[in-house]
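Comments concern the structure below.
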Amino acid sequence: MRRWKIALPKRQPASEAEPTLASSDYRALGEFRFAIRQFLAFSEEGAKAHGLTSQQHQALLAIRAHPGSDPISIGELAESLLIKNHSAVELVARLVERDLVARRDSDADRRRVVLTLRPKGAEILETISRRNLARLNEGADILADIIDAARRAASAQRSGS
C-alpha cells in the first residue's frame with residue numbers, strides 16, 4: 001500500500017527570494033482543498049448510510065488495504081488512522097461488537113492482536129468503496145489539474161533556487 005508522505009520544503013534564508021506563486025497556483029490549491037472537503041463529506045455520508053462513523057469506515061478500509069501477508073495489528077491500525085493505541089482498541093471493540101471485524105492473537109507473536117474483516121464488514125466496505133471510487137472518477141480532471149499546478153510550482157521553485 002502506498003503511504004502518502006508529505007515532505008515540507010526546507011526553509012530558505014530570508015535573503016534568498018522564492019519564486020512568486022501564480023494566481024492559478026492558489027486557485028489549484030483552493031480547488032484541491034474544496035475537492036477534498038467535498039469528497040470527505042460524500043464518503044462520510046456513505047458511511048453514515050450504513051450505520052458507520054467516518055472513523056469506523058476508515059478502520060475497515062485500513063484493515064482491508066493493509067499490505068503484506070500478515071493481517072494488520074491494532075498498533076498498525078492506530079498508526080494508519082493517526083490515533084492513540086487505546087483509541088484503536090475501543091474502535092475495534094465497537095467493530096467486533098457489530099460483527100464487522102474479527103480480532104485474534106497473532107500466530108507468530110501471541111502478544112500481537114491482529115484484525116481481519118468479517119463478511120458483513122467486507123460487504124459494507126465494498127459498497128462504500130465502489131461509491132467513493134465512482135465519485136473520485138468524476139473528479140479525476142480536477143485532480144489532474146491540481147497535479148499539473150503542483151508540478152509547475154515545484155519546478156518554478158527548483159529553478160528559482
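Residues in the C-alpha cells are named by chain (A, B, ... in the order shown) and by number from 1 within that chain; ligands are numbered from 1 in the order shown.
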
Practice item. Pick out the residues sitting within 8 Å of Leu117 (chain A), and hand them over as a ChimeraX atom specification; count only C-alpha atoms, and ignore anything fewer than 6 positions along from it in its own chain. Key: /A:60,63-64,100-102

**Study point:** Selection: 10 Å around Gln58 (chain A), only C-alpha atoms, excl. self and same-chain fewer than 2 positions, as a ChimeraX atom specification
**Key:** /A:43-44,47,52-56,60-64,77,80-81,125

Point to revise | All residues 6 Å or closer to region 145-157 of chain A, only C-alpha atoms, same chain fewer than 4 positions away omitted, as a list of chain:residue names | key: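 My reading of the contact set: A:Pro19, A:Asp25, A:Ala28.
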
I'd like a table as CSV: residues in region 56-143 of chain A with an atom no more than 10 Å from region 39-42 of chain A, each row giving the shortest atom pair and its distance in Å to one decimal, only C-alpha atoms counted, sorted by chain and rising residue number.
```
residue,atom,partner,partner_atom,distance
A:Arg131,CA,A:Phe42,CA,9.2
A:Asn132,CA,A:Phe42,CA,7.7
A:Arg135,CA,A:Phe39,CA,7.5
A:Leu136,CA,A:Phe39,CA,7.6
A:Gly139,CA,A:Phe39,CA,9.2
```

Point to revise | DSSP-assigned alpha helix (DSSP H) among region 86-155 of chain A, expressed as a VMD selection string | key: chain A and resid 86 to 97 119 to 138 140 to 155

Include C-alpha atoms and write out the residues we just selected as an mmCIF file, in the first residue's frame.
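Full text of part-v8.cif as output:
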```cif
data_model
loop_
_atom_site.group_PDB
_atom_site.id
_atom_site.type_symbol
_atom_site.label_atom_id
_atom_site.label_comp_id
_atom_site.auth_asym_id
_atom_site.auth_seq_id
_atom_site.Cartn_x
_atom_site.Cartn_y
_atom_site.Cartn_z
ATOM 1 C CA HIS A 86 -6.127 2.821 23.325
ATOM 2 C CA SER A 87 -8.494 4.658 20.951
ATOM 3 C CA ALA A 88 -7.882 1.980 18.316
ATOM 4 C CA VAL A 89 -8.678 -0.721 20.894
ATOM 5 C CA GLU A 90 -12.029 0.970 21.645
ATOM 6 C CA LEU A 91 -12.776 1.438 17.945
ATOM 7 C CA VAL A 92 -12.024 -2.211 17.221
ATOM 8 C CA ALA A 93 -14.220 -3.327 20.146
ATOM 9 C CA ARG A 94 -17.183 -1.499 18.589
ATOM 10 C CA LEU A 95 -16.481 -3.052 15.176
ATOM 11 C CA VAL A 96 -16.173 -6.542 16.703
ATOM 12 C CA GLU A 97 -19.439 -5.991 18.588
ATOM 13 C CA PRO A 119 -18.049 -10.960 5.704
ATOM 14 C CA LYS A 120 -20.525 -8.274 6.784
ATOM 15 C CA GLY A 121 -17.696 -5.716 7.182
ATOM 16 C CA ALA A 122 -16.208 -6.631 3.806
ATOM 17 C CA GLU A 123 -19.604 -6.270 2.107
ATOM 18 C CA ILE A 124 -20.284 -2.846 3.615
ATOM 19 C CA LEU A 125 -16.751 -1.663 2.799
ATOM 20 C CA GLU A 126 -17.061 -2.771 -0.810
ATOM 21 C CA THR A 127 -20.377 -0.949 -1.220
ATOM 22 C CA ILE A 128 -18.992 2.287 0.220
ATOM 23 C CA SER A 129 -15.721 1.936 -1.726
ATOM 24 C CA ARG A 130 -17.468 1.414 -5.078
ATOM 25 C CA ARG A 131 -19.486 4.578 -4.469
ATOM 26 C CA ASN A 132 -16.375 6.527 -3.400
ATOM 27 C CA LEU A 133 -14.320 5.356 -6.386
ATOM 28 C CA ALA A 134 -17.107 6.425 -8.748
ATOM 29 C CA ARG A 135 -17.068 9.861 -7.111
ATOM 30 C CA LEU A 136 -13.277 10.096 -7.423
ATOM 31 C CA ASN A 137 -13.537 9.172 -11.080
ATOM 32 C CA GLU A 138 -15.952 12.070 -11.584
ATOM 33 C CA ALA A 140 -10.344 12.971 -11.977
ATOM 34 C CA ASP A 141 -9.982 16.038 -14.218
ATOM 35 C CA ILE A 142 -9.782 18.346 -11.204
ATOM 36 C CA LEU A 143 -7.130 16.119 -9.646
ATOM 37 C CA ALA A 144 -5.119 16.110 -12.884
ATOM 38 C CA ASP A 145 -5.219 19.936 -12.988
ATOM 39 C CA ILE A 146 -4.085 20.111 -9.366
ATOM 40 C CA ILE A 147 -1.187 17.728 -10.006
ATOM 41 C CA ASP A 148 -0.121 19.826 -13.006
ATOM 42 C CA ALA A 149 -0.209 23.016 -10.912
ATOM 43 C CA ALA A 150 1.801 21.351 -8.123
ATOM 44 C CA ARG A 151 4.429 20.194 -10.610
ATOM 45 C CA ARG A 152 4.670 23.667 -12.171
ATOM 46 C CA ALA A 153 5.084 25.261 -8.736
ATOM 47 C CA ALA A 154 7.750 22.733 -7.715
ATOM 48 C CA SER A 155 9.583 23.230 -10.993
#
```

**Study point:** Backbone-only DSSP, strand (DSSP E) members of chain A, as a list in words
**Key:** Ile72, Ser73, Val101, Ala102, Arg103, Arg104, Asp105, Val113, Val114, Leu115, Thr116 and Leu117 of chain A

**Study point:** Length of the CA of Ala49 (chain A) to CA of Glu76 (chain A) vector [Å]
**Key:** 27.1 Å

**Study point:** Interatomic distance, CA of Arg103 (chain A) to CA of Asp70 (chain A) (Å, one decimal)
**Key:** 13.2 Å

Check your understanding: What's the 9 Å shell around Ser73 (chain A), counting only C-alpha atoms, without same-chain residues fewer than 5 positions away, as JSON, numbers by chain?
Key -> {"A": [63, 78, 106, 112, 113, 114, 115]}

Resulting file, chosen residues, N, CA and C atoms, as a short mmCIF file (atom, residue, chain, number, x, y, z; two decimals), in the first residue's frame:
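Below is the file out-v3.cif, written as the result:
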```
data_model
loop_
_atom_site.label_atom_id
_atom_site.label_comp_id
_atom_site.auth_asym_id
_atom_site.auth_seq_id
_atom_site.Cartn_x
_atom_site.Cartn_y
_atom_site.Cartn_z
N ILE A 63 -7.91 -1.83 7.42
CA ILE A 63 -7.76 -3.28 7.63
C ILE A 63 -7.69 -3.99 6.28
N ALA A 78 -3.85 1.85 14.58
CA ALA A 78 -3.75 3.15 15.26
C ALA A 78 -2.84 4.09 14.47
N SER A 106 -2.06 -13.10 17.21
CA SER A 106 -1.25 -13.46 16.06
C SER A 106 -0.67 -14.86 16.26
N ARG A 112 0.71 -9.97 20.07
CA ARG A 112 0.18 -9.11 19.00
C ARG A 112 -1.25 -9.52 18.67
N VAL A 113 -2.16 -8.54 18.63
CA VAL A 113 -3.55 -8.80 18.25
C VAL A 113 -3.73 -8.32 16.82
N VAL A 114 -4.25 -9.22 15.97
CA VAL A 114 -4.43 -8.88 14.55
C VAL A 114 -5.92 -8.85 14.21
N LEU A 115 -6.21 -8.16 13.12
CA LEU A 115 -7.59 -7.89 12.73
C LEU A 115 -7.86 -8.33 11.31
#
```
